[in-house]
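Data from query-v2.pdb: PDB, C-alpha atoms
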ATOM      1  CA  GLU A   4      93.341 128.565  93.045
ATOM      2  CA  THR A   5      93.467 131.778  90.997
ATOM      3  CA  LYS A   6      94.812 133.650  94.009
ATOM      4  CA  LEU A   7      97.313 131.091  95.308
ATOM      5  CA  CYS A   8      98.426 128.875  92.411
ATOM      6  CA  GLY A   9     101.622 130.821  91.756
ATOM      7  CA  GLU A  10     103.270 129.823  95.040
ATOM      8  CA  TRP A  11     101.125 126.869  96.025
ATOM      9  CA  ALA A  12     100.224 123.487  94.504
ATOM     10  CA  VAL A  13      96.680 122.335  95.207
ATOM     11  CA  PHE A  14      95.281 118.885  95.958
ATOM     12  CA  TYR A  15      91.728 117.684  96.657
ATOM     13  CA  HIS A  16      90.911 115.128  99.349
ATOM     14  CA  SER A  17      87.407 113.587  99.464
ATOM     15  CA  TYR A  18      86.073 112.037 102.668
ATOM     16  CA  SER A  19      82.853 111.409 104.575
ATOM     17  CA  PHE A  20      82.577 109.638 107.938
ATOM     18  CA  ALA A  21      86.030 110.742 109.085
ATOM     19  CA  ALA A  22      84.731 114.332 109.101
ATOM     20  CA  LEU A  23      84.061 114.407 112.845
ATOM     21  CA  ILE A  24      87.579 113.154 113.613
ATOM     22  CA  TYR A  25      89.035 115.866 111.371
ATOM     23  CA  GLU A  26      86.848 118.509 113.020
ATOM     24  CA  VAL A  27      87.827 117.484 116.569
ATOM     25  CA  GLN A  28      91.494 117.543 115.581
ATOM     26  CA  ALA A  29      91.025 121.035 114.150
ATOM     27  CA  ALA A  30      89.393 122.256 117.365
ATOM     28  CA  VAL A  31      92.226 120.836 119.480
ATOM     29  CA  GLY A  32      94.702 122.459 117.105
ATOM     30  CA  SER A  33      92.899 125.771 117.564
ATOM     31  CA  VAL A  34      93.010 125.638 121.371
ATOM     32  CA  LEU A  35      96.592 124.418 121.652
ATOM     33  CA  PHE A  36      98.489 125.384 118.494
ATOM     34  CA  ARG A  37      96.874 128.447 116.846
ATOM     35  CA  PHE A  38      95.410 126.360 114.017
ATOM     36  CA  ARG A  39      92.801 128.342 112.068
ATOM     37  CA  SER A  40      89.985 125.859 112.420
ATOM     38  CA  GLN A  41      87.408 128.308 111.073
ATOM     39  CA  TYR A  42      88.732 127.658 107.557
ATOM     40  CA  ALA A  43      89.137 123.891 107.484
ATOM     41  CA  PRO A  44      89.421 120.687 109.505
ATOM     42  CA  LEU A  45      92.751 119.029 110.290
ATOM     43  CA  PRO A  46      93.273 115.550 108.795
ATOM     44  CA  ARG A  47      96.011 114.460 111.224
ATOM     45  CA  LEU A  48      96.992 115.723 114.696
ATOM     46  CA  LEU A  49      99.308 113.355 116.594
ATOM     47  CA  VAL A  50     102.929 114.126 115.762
ATOM     48  CA  LYS A  51     104.135 110.867 117.329
ATOM     49  CA  ASP A  52     102.424 108.948 114.517
ATOM     50  CA  PHE A  53     104.963 110.452 112.097
ATOM     51  CA  GLU A  54     108.142 109.319 113.837
ATOM     52  CA  GLN A  55     108.755 106.453 111.399
ATOM     53  CA  ILE A  56     107.217 108.097 108.313
ATOM     54  CA  PRO A  57     107.834 111.866 108.512
ATOM     55  CA  ASP A  58     107.636 112.626 104.791
ATOM     56  CA  ALA A  59     106.702 111.361 101.326
ATOM     57  CA  PRO A  60     110.122 109.892 100.387
ATOM     58  CA  ARG A  61     110.035 107.732 103.506
ATOM     59  CA  LEU A  62     106.426 106.739 102.785
ATOM     60  CA  VAL A  63     107.425 105.671  99.265
ATOM     61  CA  GLN A  64     110.253 103.557 100.710
ATOM     62  CA  ARG A  65     107.927 101.868 103.184
ATOM     63  CA  PHE A  66     105.307 101.309 100.498
ATOM     64  CA  GLU A  67     107.733  99.577  98.140
ATOM     65  CA  LYS A  68     109.313  97.518 100.918
ATOM     66  CA  GLU A  69     106.232  96.612 102.959
ATOM     67  CA  PHE A  70     102.834  98.054 102.062
ATOM     68  CA  ALA A  71     102.824  97.068  98.370
ATOM     69  CA  THR A  72     102.232  93.431  99.370
ATOM     70  CA  ASN A  73     100.378  94.138 102.599
ATOM     71  CA  LYS A  74      97.138  96.145 102.293
ATOM     72  CA  ARG A  75      98.780  98.924 100.247
ATOM     73  CA  ASP A  76      97.382 102.338 101.254
ATOM     74  CA  HIS A  77      94.897 100.640 103.590
ATOM     75  CA  HIS A  78      97.729  99.524 105.855
ATOM     76  CA  PRO A  79      97.249 101.115 109.309
ATOM     77  CA  SER A  80     100.728 102.675 109.249
ATOM     78  CA  PHE A  81      99.959 104.268 105.877
ATOM     79  CA  ARG A  82      96.561 105.534 107.022
ATOM     80  CA  ARG A  83      98.017 107.102 110.143
ATOM     81  CA  VAL A  84     100.112 109.567 108.165
ATOM     82  CA  ALA A  85      98.706 110.029 104.667
ATOM     83  CA  VAL A  86      95.542 110.907 102.784
ATOM     84  CA  SER A  87      94.471 110.152  99.236
ATOM     85  CA  ALA A  88      94.036 113.122  96.929
ATOM     86  CA  MET A  89      93.346 114.139  93.354
ATOM     87  CA  CYS A  90      95.452 116.738  91.569
ATOM     88  CA  SER A  91      92.572 118.812  90.219
ATOM     89  CA  LEU A  92      89.004 119.773  90.990
ATOM     90  CA  SER A  93      88.146 118.521  87.516
ATOM     91  CA  SER A  94      89.937 115.165  87.842
ATOM     92  CA  THR A  95      87.954 112.290  86.380
ATOM     93  CA  GLY A  96      90.190 109.443  87.503
ATOM     94  CA  PRO A  97      91.680 106.985  87.806
ATOM     95  CA  GLU A  98      89.099 105.283  90.030
ATOM     96  CA  ALA A  99      87.714 108.470  91.606
ATOM     97  CA  CYS A 100      86.131 111.506  89.949
ATOM     98  CA  THR A 101      86.399 114.540  92.246
ATOM     99  CA  ALA A 102      82.994 115.952  91.326
ATOM    100  CA  MET A 103      81.138 112.633  91.490
ATOM    101  CA  VAL A 104      82.707 111.531  94.783
ATOM    102  CA  PHE A 105      81.927 114.866  96.456
ATOM    103  CA  ILE A 106      78.277 114.101  97.269
ATOM    104  CA  ALA A 107      78.800 110.826  99.137
ATOM    105  CA  GLY A 108      82.471 111.286 100.000
ATOM    106  CA  TYR A 109      84.878 108.432 100.447
ATOM    107  CA  SER A 110      85.401 106.350 103.565
ATOM    108  CA  CYS A 111      86.703 103.062 104.824
ATOM    109  CA  LYS A 112      84.346 101.213 107.159
ATOM    110  CA  ASP A 113      86.664  98.547 108.545
ATOM    111  CA  LEU A 114      87.025 100.320 111.884
ATOM    112  CA  SER A 115      84.955 101.646 114.785
ATOM    113  CA  PHE A 116      84.719 105.407 114.364
ATOM    114  CA  ARG A 117      83.377 105.835 117.901
ATOM    115  CA  ASN A 118      86.456 104.080 119.289
ATOM    116  CA  VAL A 119      88.690 106.267 117.118
ATOM    117  CA  LEU A 120      87.003 109.369 118.552
ATOM    118  CA  GLU A 121      87.353 108.224 122.148
ATOM    119  CA  ASN A 122      90.979 107.191 121.621
ATOM    120  CA  LEU A 123      91.681 110.586 120.074
ATOM    121  CA  LEU A 124      90.208 112.407 123.075
ATOM    122  CA  GLU A 125      92.265 110.250 125.405
ATOM    123  CA  SER A 126      95.393 110.992 123.362
ATOM    124  CA  CYS A 127      94.610 114.691 123.849
ATOM    125  CA  TYR A 128      94.751 114.167 127.617
ATOM    126  CA  VAL A 129      91.044 114.569 128.219
ATOM    127  CA  PRO A 130      90.625 112.913 131.638
ATOM    128  CA  ARG A 131      89.758 109.263 131.073
ATOM    129  CA  THR A 132      86.665 109.498 133.265
ATOM    130  CA  LYS A 133      85.325 112.285 131.001
ATOM    131  CA  VAL A 134      86.065 110.758 127.596
ATOM    132  CA  LYS A 135      82.761 108.946 126.971
ATOM    133  CA  GLU A 136      80.721 111.887 128.276
ATOM    134  CA  LEU A 137      82.600 114.334 126.055
ATOM    135  CA  ALA A 138      82.299 112.031 123.031
ATOM    136  CA  ALA A 139      78.518 111.889 123.531
ATOM    137  CA  LYS A 140      78.338 115.698 123.743
ATOM    138  CA  ILE A 141      80.402 116.032 120.560
ATOM    139  CA  VAL A 142      78.115 113.631 118.684
ATOM    140  CA  ALA A 143      75.039 115.543 119.895
ATOM    141  CA  LEU A 144      76.608 118.853 118.821
ATOM    142  CA  SER A 145      77.330 117.360 115.406
ATOM    143  CA  GLU A 146      73.690 116.306 115.025
ATOM    144  CA  LYS A 147      72.584 119.825 115.961
ATOM    145  CA  HIS A 148      74.615 121.332 113.124
ATOM    146  CA  GLY A 149      73.841 118.688 110.501
ATOM    147  CA  LEU A 150      77.088 116.699 110.412
ATOM    148  CA  ASP A 151      76.582 113.029 109.555
ATOM    149  CA  VAL A 152      77.617 111.013 112.617
ATOM    150  CA  SER A 153      75.849 107.770 111.747
ATOM    151  CA  GLN A 154      79.116 105.845 112.174
ATOM    152  CA  PHE A 155      79.564 107.289 115.685
ATOM    153  CA  GLY A 156      76.240 106.105 117.083
ATOM    154  CA  GLY A 157      74.440 109.288 116.051
ATOM    155  CA  LYS A 158      72.164 110.383 113.222
ATOM    156  CA  ALA A 159      72.836 110.617 109.508
ATOM    157  CA  CYS A 160      72.517 114.045 107.918
ATOM    158  CA  GLU A 161      69.022 114.769 106.591
ATOM    159  CA  SER A 162      70.148 115.342 103.013
ATOM    160  CA  GLY A 163      71.942 111.997 102.790
ATOM    161  CA  LYS A 164      74.925 113.866 101.361
ATOM    162  CA  ALA A 165      77.736 112.912 103.722
ATOM    163  CA  GLY A 166      80.638 113.980 101.509
ATOM    164  CA  HIS A 167      83.230 116.694 102.097
ATOM    165  CA  LEU A 168      86.035 118.054  99.930
ATOM    166  CA  LEU A 169      89.223 119.385 101.494
ATOM    167  CA  GLN A 170      91.244 121.742  99.308
ATOM    168  CA  ILE A 171      94.906 121.470 100.340
ATOM    169  CA  PHE A 172      97.395 124.114  99.217
ATOM    170  CA  ILE A 173     101.049 123.134  99.695
ATOM    171  CA  ARG A 174     103.905 125.586  99.243
ATOM    172  CA  ARG A 175     105.649 124.480  96.076
ATOM    173  CA  PRO A 176     109.078 123.948  97.717
ATOM    174  CA  LEU A 177     107.381 121.446 100.088
ATOM    175  CA  VAL A 178     105.533 119.394  97.465
ATOM    176  CA  ASP A 179     108.121 116.604  97.054
ATOM    177  CA  ARG A 180     108.552 116.452 100.821
ATOM    178  CA  LEU A 181     104.853 115.895 101.446
ATOM    179  CA  ALA A 182     103.388 114.234  98.345
ATOM    180  CA  TYR A 183     103.987 111.680  95.636
ATOM    181  CA  SER A 184     102.185 110.768  92.409
ATOM    182  CA  ALA A 185     100.128 107.650  92.947
ATOM    183  CA  MET A 186      98.028 105.084  91.205
ATOM    184  CA  PRO A 187      94.867 103.664  92.825
ATOM    185  CA  TYR A 188      95.602 102.093  96.242
ATOM    186  CA  GLY A 189      98.943 103.863  96.526
ATOM    187  CA  PRO A 190     101.569 102.435  94.133
ATOM    188  CA  ILE A 191     103.960 105.089  92.842
ATOM    189  CA  ASP A 192     103.111 106.505  89.416
ATOM    190  CA  GLU A 193     106.641 106.925  88.038
ATOM    191  CA  SER A 194     105.343 108.643  84.891
ATOM    192  CA  ARG A 195     104.389 111.689  87.010
ATOM    193  CA  MET A 196     107.413 111.802  89.313
ATOM    194  CA  PRO A 197     108.786 113.919  90.754
ATOM    195  CA  ILE A 198     105.378 115.259  91.582
ATOM    196  CA  SER A 199     106.660 118.830  91.983
ATOM    197  CA  LYS A 200     107.708 118.873  88.320
ATOM    198  CA  TYR A 201     104.331 117.469  87.303
ATOM    199  CA  MET A 202     102.433 120.030  89.399
ATOM    200  CA  ASN A 203     104.538 122.866  87.927
ATOM    201  CA  SER A 204     103.937 121.739  84.345
ATOM    202  CA  ASN A 205     101.310 122.507  81.740
ATOM    203  CA  GLN A 206     100.249 118.859  81.571
ATOM    204  CA  SER A 207      96.612 117.954  81.998
ATOM    205  CA  PHE A 208      95.665 117.109  85.595
ATOM    206  CA  GLN A 209      92.417 115.489  84.524
ATOM    207  CA  VAL A 210      93.776 112.029  85.341
ATOM    208  CA  GLY A 211      96.051 111.460  88.291
ATOM    209  CA  GLN A 212      96.028 110.690  91.993
ATOM    210  CA  ALA A 213      98.432 111.644  94.774
ATOM    211  CA  ARG A 214      99.129 110.644  98.344
ATOM    212  CA  VAL A 215      99.815 113.457 100.787
ATOM    213  CA  VAL A 216     101.650 113.081 104.098
ATOM    214  CA  ALA A 217      99.533 115.251 106.406
ATOM    215  CA  HIS A 218     102.247 116.052 108.947
ATOM    216  CA  PRO A 219     100.590 118.244 111.620
ATOM    217  CA  LYS A 220     103.739 120.290 112.262
ATOM    218  CA  LEU A 221     103.366 121.642 108.729
ATOM    219  CA  PHE A 222      99.600 121.336 108.288
ATOM    220  CA  MET A 223      99.055 123.646 111.277
ATOM    221  CA  ARG A 224     101.345 126.316 109.790
ATOM    222  CA  ALA A 225      99.701 128.774 107.410
ATOM    223  CA  ASP A 226     103.067 129.600 105.841
ATOM    224  CA  SER A 227     103.372 125.963 104.694
ATOM    225  CA  ILE A 228      99.835 124.636 104.176
ATOM    226  CA  ARG A 229      96.494 126.323 103.649
ATOM    227  CA  MET A 230      93.216 124.440 103.569
ATOM    228  CA  TYR A 231      89.594 125.159 102.778
ATOM    229  CA  VAL A 232      86.604 122.849 102.940
ATOM    230  CA  ALA A 233      83.252 122.378 101.226
ATOM    231  CA  SER A 234      80.535 120.041 102.498
ATOM    232  CA  ALA A 235      77.887 118.448 100.303
ATOM    233  CA  ASP A 236      75.242 118.721 103.016
ATOM    234  CA  PRO A 237      74.007 122.336 102.800
ATOM    235  CA  THR A 238      73.075 122.546 106.485
ATOM    236  CA  PHE A 239      76.497 121.582 107.777
ATOM    237  CA  HIS A 240      78.240 123.640 105.106
ATOM    238  CA  ALA A 241      76.360 126.715 106.329
ATOM    239  CA  ASN A 242      76.807 125.862 110.015
ATOM    240  CA  ARG A 243      80.416 124.732 110.073
ATOM    241  CA  ARG A 244      81.970 127.854 111.602
ATOM    242  CA  ASP A 245      79.373 127.940 114.376
ATOM    243  CA  PHE A 246      79.910 124.219 114.913
ATOM    244  CA  GLN A 247      83.652 124.789 115.286
ATOM    245  CA  LYS A 248      83.116 127.604 117.796
ATOM    246  CA  GLU A 249      80.922 125.395 119.976
ATOM    247  CA  LEU A 250      83.226 122.394 119.575
ATOM    248  CA  VAL A 251      86.235 124.479 120.595
ATOM    249  CA  GLY A 252      84.220 125.635 123.603
ATOM    250  CA  LEU A 253      83.546 122.052 124.674
ATOM    251  CA  LEU A 254      87.209 121.105 124.381
ATOM    252  CA  SER A 255      88.355 124.293 126.089
ATOM    253  CA  MET A 256      86.355 123.355 129.167
ATOM    254  CA  MET A 257      88.111 119.978 129.275
ATOM    255  CA  LEU A 258      91.530 121.552 128.666
ATOM    256  CA  GLY A 259      90.873 124.571 130.832
ATOM    257  CA  GLU A 260      93.863 124.485 133.167
ATOM    258  CA  PRO A 261      97.228 125.751 131.849
ATOM    259  CA  ASP A 262      99.055 122.709 133.262
ATOM    260  CA  LEU A 263      96.677 120.351 131.464
ATOM    261  CA  ARG A 264      96.977 122.329 128.226
ATOM    262  CA  GLN A 265     100.756 122.089 128.407
ATOM    263  CA  LYS A 266     100.648 118.365 129.129
ATOM    264  CA  ALA A 267      98.260 117.806 126.235
ATOM    265  CA  ALA A 268     100.308 119.972 123.869
ATOM    266  CA  MET A 269     103.539 118.160 124.722
ATOM    267  CA  GLY A 270     101.899 114.776 124.246
ATOM    268  CA  ILE A 271     100.378 115.716 120.901
ATOM    269  CA  TYR A 272     103.451 117.516 119.586
ATOM    270  CA  GLY A 273     105.883 114.776 120.502
ATOM    271  CA  GLY A 274     107.532 116.287 123.575
ATOM    272  CA  MET A 275     109.343 119.402 122.318
ATOM    273  CA  LEU A 276     106.970 122.345 121.916
ATOM    274  CA  PRO A 277     107.600 125.157 119.421
ATOM    275  CA  SER A 278     109.395 128.215 120.803
ATOM    276  CA  TRP A 279     106.319 130.443 120.434
ATOM    277  CA  TRP A 280     104.072 128.145 122.502
ATOM    278  CA  SER A 281     102.651 129.276 125.848
ATOM    279  CA  ALA A 282     100.108 127.749 128.200
ATOM    280  CA  GLU A 283      97.220 130.151 127.617
ATOM    281  CA  ASP A 284      94.456 129.448 125.096
ATOM    282  CA  GLN A 285      96.186 129.871 121.731
ATOM    283  CA  ARG A 286      93.100 130.953 119.756
ATOM    284  CA  THR A 287      93.710 134.647 120.464
ATOM    285  CA  HIS A 288      97.116 134.432 118.732
ATOM    286  CA  ALA A 289      95.943 132.887 115.442
ATOM    287  CA  GLN A 290      96.342 135.246 112.491
ATOM    288  CA  TYR A 291      96.661 135.119 108.722
TER     289      TYR A 291
END

Here is the file; what I need is its structure written in the form of structure tokens.
Amino acid sequence: ETKLCGEWAVFYHSYSFAALIYEVQAAVGSVLFRFRSQYAPLPRLLVKDFEQIPDAPRLVQRFEKEFATNKRDHHPSFRRVAVSAMCSLSSTGPEACTAMVFIAGYSCKDLSFRNVLENLLESCYVPRTKVKELAAKIVALSEKHGLDVSQFGGKACESGKAGHLLQIFIRRPLVDRLAYSAMPYGPIDESRMPISKYMNSNQSFQVGQARVVAHPKLFMRADSIRMYVASADPTFHANRRDFQKELVGLLSMMLGEPDLRQKAAMGIYGGMLPSWWSAEDQRTHAQY
């Protein structure tokens, strides 16, 4: 924060069982789109999920018109595009305290995480006949490095500390495009809007939530978003970079052919690829 706070606003997203999904998305982003997965996972990957809700103003509109009376921020369309966040590392509420939530993390359990993983792999054009085999290998690799995969049919982490904290830096000119001030479960907190003004102010950030639209076209660009992660489990925290290297290796084998990489990239990115994209493994082009 000391280094980046002048040009970037920072948010903190706590999570637990979704960690493996985020990590797989980061590895795919590394292979196909130059995402720097060594620094952090990627909370969302599929650009097509953002066609109807591409930014925070549209999310606010949909919330007020539809989600406010229908599951609020637990609505599937909300979950597909946005994450819950606090506005400070020292936030104590409302509802969630960043420091206290860190150990166990935060997660919804009203879904099958194993199915989410397999559907994600299929969406990334992993051959359908290889999806279950690859999912099993990914779960085994996670166990090896200490990541809690108890919701995926694997083992819990030995420490019992399944939480993770994603530090999300957003370029200040993009803050209103990607975030809004929120109350618990997603209603708009008008007293802290626009959120860019609030985040630029000298007000206390000790109390206050936000919702962040994690659009992958921006979240995979280091000139727009930068992310860093800390894991409560000390084994996985120490092993994460090695885990990512091995995970990227597994996915690279499945996406080994240039034609398949291009097909996968076009499907994930929504058809039109960025002008810099080429069919070779994109990891060698990633730079800060």

Neighbouring residues of Ser184 (chain A) were defined as those with any atom within 6 Å, considering only C-alpha atoms; residues of the same chain fewer than 3 positions away were excluded. Please report them as a ChimeraX atom specification.
/A:191-192,195,198,213

Take the selection from the previous step and output its residues with C-alpha atoms, as a compact mmCIF listing (two decimals), in the coordinates of the input.
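Output file out-v2.txt is given in full below:
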# COMPACT_ATOMS: atom_id res chain seq x y z
CA ILE A 191 103.96 105.09 92.84
CA ASP A 192 103.11 106.50 89.42
CA ARG A 195 104.39 111.69 87.01
CA ILE A 198 105.38 115.26 91.58
CA ALA A 213 98.43 111.64 94.77

Out of A:Val84, A:Leu48, A:Ala99, A:Ala21, which residue has the shortest atom-to-atom distance to His167 (chain A) when counting all atoms listed in the file?
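Among the listed residues, the smallest separation from His167 (chain A) belongs to A:Ala21.
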
Hey, what comes out of the PyMOL selection byres ((chain A and resi 114) around 12) on this file? Could you write it as a PDB file with C-alpha atoms, in the coordinates of the input?
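See result10.pdb below for the written result:
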ATOM      1  CA  PHE A  20      82.577 109.638 107.938  1.00  0.00           C
ATOM      2  CA  ALA A  21      86.030 110.742 109.085  1.00  0.00           C
ATOM      3  CA  HIS A  77      94.897 100.640 103.590  1.00  0.00           C
ATOM      4  CA  PRO A  79      97.249 101.115 109.309  1.00  0.00           C
ATOM      5  CA  ARG A  82      96.561 105.534 107.022  1.00  0.00           C
ATOM      6  CA  SER A 110      85.401 106.350 103.565  1.00  0.00           C
ATOM      7  CA  CYS A 111      86.703 103.062 104.824  1.00  0.00           C
ATOM      8  CA  LYS A 112      84.346 101.213 107.159  1.00  0.00           C
ATOM      9  CA  ASP A 113      86.664  98.547 108.545  1.00  0.00           C
ATOM     10  CA  SER A 115      84.955 101.646 114.785  1.00  0.00           C
ATOM     11  CA  PHE A 116      84.719 105.407 114.364  1.00  0.00           C
ATOM     12  CA  ARG A 117      83.377 105.835 117.901  1.00  0.00           C
ATOM     13  CA  ASN A 118      86.456 104.080 119.289  1.00  0.00           C
ATOM     14  CA  VAL A 119      88.690 106.267 117.118  1.00  0.00           C
ATOM     15  CA  LEU A 120      87.003 109.369 118.552  1.00  0.00           C
ATOM     16  CA  GLN A 154      79.116 105.845 112.174  1.00  0.00           C
ATOM     17  CA  PHE A 155      79.564 107.289 115.685  1.00  0.00           C
TER      18      PHE A 155
END

To test your reading of the syntax: which residues would the PyMOL selection byres ((chain A and resi 141) around 10) return for the file shown? Reply as an MDAnalysis selection string.
chainID A and resid 23 27 120 135:140 142:147 152 246 249:250 253:254

Selected residue of minimal separation from Ile228 (chain A) among A:Pro261, A:Arg214, A:Asp151, A:Leu181, counting only C-alpha atoms:
A:Leu181

Mind giving me the straight-line distance from CA of Met202 (chain A) to CA of Phe172 (chain A) in Å, one decimal?
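Atom-to-atom, CA of Met202 (chain A) to CA of Phe172 (chain A), that is 11.8 Å.
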
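With all atoms listed in the file as the basis for measurement, A:Val63 is the residue among A:Cys127, A:Val63, A:Leu169, A:Ala159 that approaches Glu193 (chain A) most closely.
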
Between CA of Gly189 (chain A) and CA of Asp76 (chain A), what is the distance in Å, rounded to a tenth?
5.2 Å

Which value, in Å to one decimal, gives the distance between CA of Val210 (chain A) and CA of Ser94 (chain A)?
5.6 Å

Got a sec: who's within 10 Å of region 217-222 of chain A, counting all atoms listed in the file, leaving out chain neighbours fewer than 4 positions off, as a short mmCIF file (atom, residue, chain, number, x, y, z; two decimals) with C-alpha atoms, in the coordinates of the input?
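Listing of result-v3.cif after writing:
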data_model
loop_
_atom_site.label_atom_id
_atom_site.label_comp_id
_atom_site.auth_asym_id
_atom_site.auth_seq_id
_atom_site.Cartn_x
_atom_site.Cartn_y
_atom_site.Cartn_z
CA GLN A 28 91.49 117.54 115.58
CA GLY A 32 94.70 122.46 117.10
CA PHE A 36 98.49 125.38 118.49
CA PHE A 38 95.41 126.36 114.02
CA LEU A 45 92.75 119.03 110.29
CA PRO A 46 93.27 115.55 108.80
CA ARG A 47 96.01 114.46 111.22
CA LEU A 48 96.99 115.72 114.70
CA LEU A 49 99.31 113.36 116.59
CA VAL A 50 102.93 114.13 115.76
CA LYS A 51 104.14 110.87 117.33
CA ASP A 52 102.42 108.95 114.52
CA PHE A 53 104.96 110.45 112.10
CA ILE A 56 107.22 108.10 108.31
CA PRO A 57 107.83 111.87 108.51
CA ASP A 58 107.64 112.63 104.79
CA ALA A 59 106.70 111.36 101.33
CA ARG A 83 98.02 107.10 110.14
CA VAL A 84 100.11 109.57 108.16
CA ALA A 85 98.71 110.03 104.67
CA VAL A 86 95.54 110.91 102.78
CA ILE A 171 94.91 121.47 100.34
CA PHE A 172 97.40 124.11 99.22
CA ILE A 173 101.05 123.13 99.70
CA LEU A 177 107.38 121.45 100.09
CA LEU A 181 104.85 115.90 101.45
CA ALA A 182 103.39 114.23 98.34
CA ASP A 226 103.07 129.60 105.84
CA SER A 227 103.37 125.96 104.69
CA ILE A 228 99.84 124.64 104.18
CA ARG A 229 96.49 126.32 103.65
CA MET A 230 93.22 124.44 103.57
CA ILE A 271 100.38 115.72 120.90
CA TYR A 272 103.45 117.52 119.59
CA PRO A 277 107.60 125.16 119.42
#

For the provided coordinates, the residues matched by the PyMOL selection byres ((chain A and resi 164) around 12) should be stated as a CSV table (one decimal) with C-alpha atoms, in the coordinates of the input.
chain,number,residue,atom,x,y,z
A,18,TYR,CA,86.1,112.0,102.7
A,19,SER,CA,82.9,111.4,104.6
A,20,PHE,CA,82.6,109.6,107.9
A,103,MET,CA,81.1,112.6,91.5
A,104,VAL,CA,82.7,111.5,94.8
A,105,PHE,CA,81.9,114.9,96.5
A,106,ILE,CA,78.3,114.1,97.3
A,107,ALA,CA,78.8,110.8,99.1
A,108,GLY,CA,82.5,111.3,100.0
A,109,TYR,CA,84.9,108.4,100.4
A,149,GLY,CA,73.8,118.7,110.5
A,150,LEU,CA,77.1,116.7,110.4
A,151,ASP,CA,76.6,113.0,109.6
A,152,VAL,CA,77.6,111.0,112.6
A,159,ALA,CA,72.8,110.6,109.5
A,160,CYS,CA,72.5,114.0,107.9
A,161,GLU,CA,69.0,114.8,106.6
A,162,SER,CA,70.1,115.3,103.0
A,163,GLY,CA,71.9,112.0,102.8
A,165,ALA,CA,77.7,112.9,103.7
A,166,GLY,CA,80.6,114.0,101.5
A,167,HIS,CA,83.2,116.7,102.1
A,168,LEU,CA,86.0,118.1,99.9
A,233,ALA,CA,83.3,122.4,101.2
A,234,SER,CA,80.5,120.0,102.5
A,235,ALA,CA,77.9,118.4,100.3
A,236,ASP,CA,75.2,118.7,103.0
A,237,PRO,CA,74.0,122.3,102.8
A,238,THR,CA,73.1,122.5,106.5
A,239,PHE,CA,76.5,121.6,107.8
A,240,HIS,CA,78.2,123.6,105.1

My list of candidates is A:Lys133, A:Arg224, A:Arg264, A:Arg244. Which is closest to Glu121 (chain A) when distances are computed with all atoms listed in the file?
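For Glu121 (chain A), the nearest of the candidates is A:Lys133.
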
Reconstructed N, CA, C and O atoms for region 144-153 of chain A, given as an mmCIF file, in the frame of the given file:
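Result file out.cif:
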data_model
loop_
_atom_site.group_PDB
_atom_site.id
_atom_site.type_symbol
_atom_site.label_atom_id
_atom_site.label_comp_id
_atom_site.auth_asym_id
_atom_site.auth_seq_id
_atom_site.Cartn_x
_atom_site.Cartn_y
_atom_site.Cartn_z
ATOM 1 N N LEU A 144 76.348 117.557 119.451
ATOM 2 C CA LEU A 144 76.608 118.853 118.821
ATOM 3 C C LEU A 144 76.668 118.708 117.301
ATOM 4 O O LEU A 144 76.166 119.572 116.559
ATOM 5 N N SER A 145 77.258 117.619 116.849
ATOM 6 C CA SER A 145 77.330 117.360 115.406
ATOM 7 C C SER A 145 75.942 117.207 114.814
ATOM 8 O O SER A 145 75.637 117.755 113.739
ATOM 9 N N GLU A 146 75.069 116.468 115.492
ATOM 10 C CA GLU A 146 73.690 116.306 115.025
ATOM 11 C C GLU A 146 72.979 117.656 114.954
ATOM 12 O O GLU A 146 72.242 117.933 113.998
ATOM 13 N N LYS A 147 73.208 118.498 115.925
ATOM 14 C CA LYS A 147 72.584 119.825 115.961
ATOM 15 C C LYS A 147 72.927 120.643 114.719
ATOM 16 O O LYS A 147 72.081 121.355 114.182
ATOM 17 N N HIS A 148 74.165 120.507 114.246
ATOM 18 C CA HIS A 148 74.615 121.332 113.124
ATOM 19 C C HIS A 148 74.574 120.609 111.781
ATOM 20 O O HIS A 148 74.998 121.168 110.770
ATOM 21 N N GLY A 149 74.067 119.376 111.767
ATOM 22 C CA GLY A 149 73.841 118.688 110.501
ATOM 23 C C GLY A 149 74.975 117.832 109.993
ATOM 24 O O GLY A 149 74.956 117.385 108.841
ATOM 25 N N LEU A 150 75.990 117.563 110.831
ATOM 26 C CA LEU A 150 77.088 116.699 110.412
ATOM 27 C C LEU A 150 76.678 115.239 110.554
ATOM 28 O O LEU A 150 76.152 114.834 111.589
ATOM 29 N N ASP A 151 76.922 114.453 109.521
ATOM 30 C CA ASP A 151 76.582 113.029 109.555
ATOM 31 C C ASP A 151 77.469 112.309 110.567
ATOM 32 O O ASP A 151 78.697 112.262 110.418
ATOM 33 N N VAL A 152 76.868 111.771 111.608
ATOM 34 C CA VAL A 152 77.617 111.013 112.617
ATOM 35 C C VAL A 152 77.009 109.626 112.789
ATOM 36 O O VAL A 152 77.031 109.042 113.868
ATOM 37 N N SER A 153 76.489 109.084 111.693
ATOM 38 C CA SER A 153 75.849 107.770 111.747
ATOM 39 C C SER A 153 76.827 106.661 112.107
ATOM 40 O O SER A 153 76.421 105.624 112.645
#
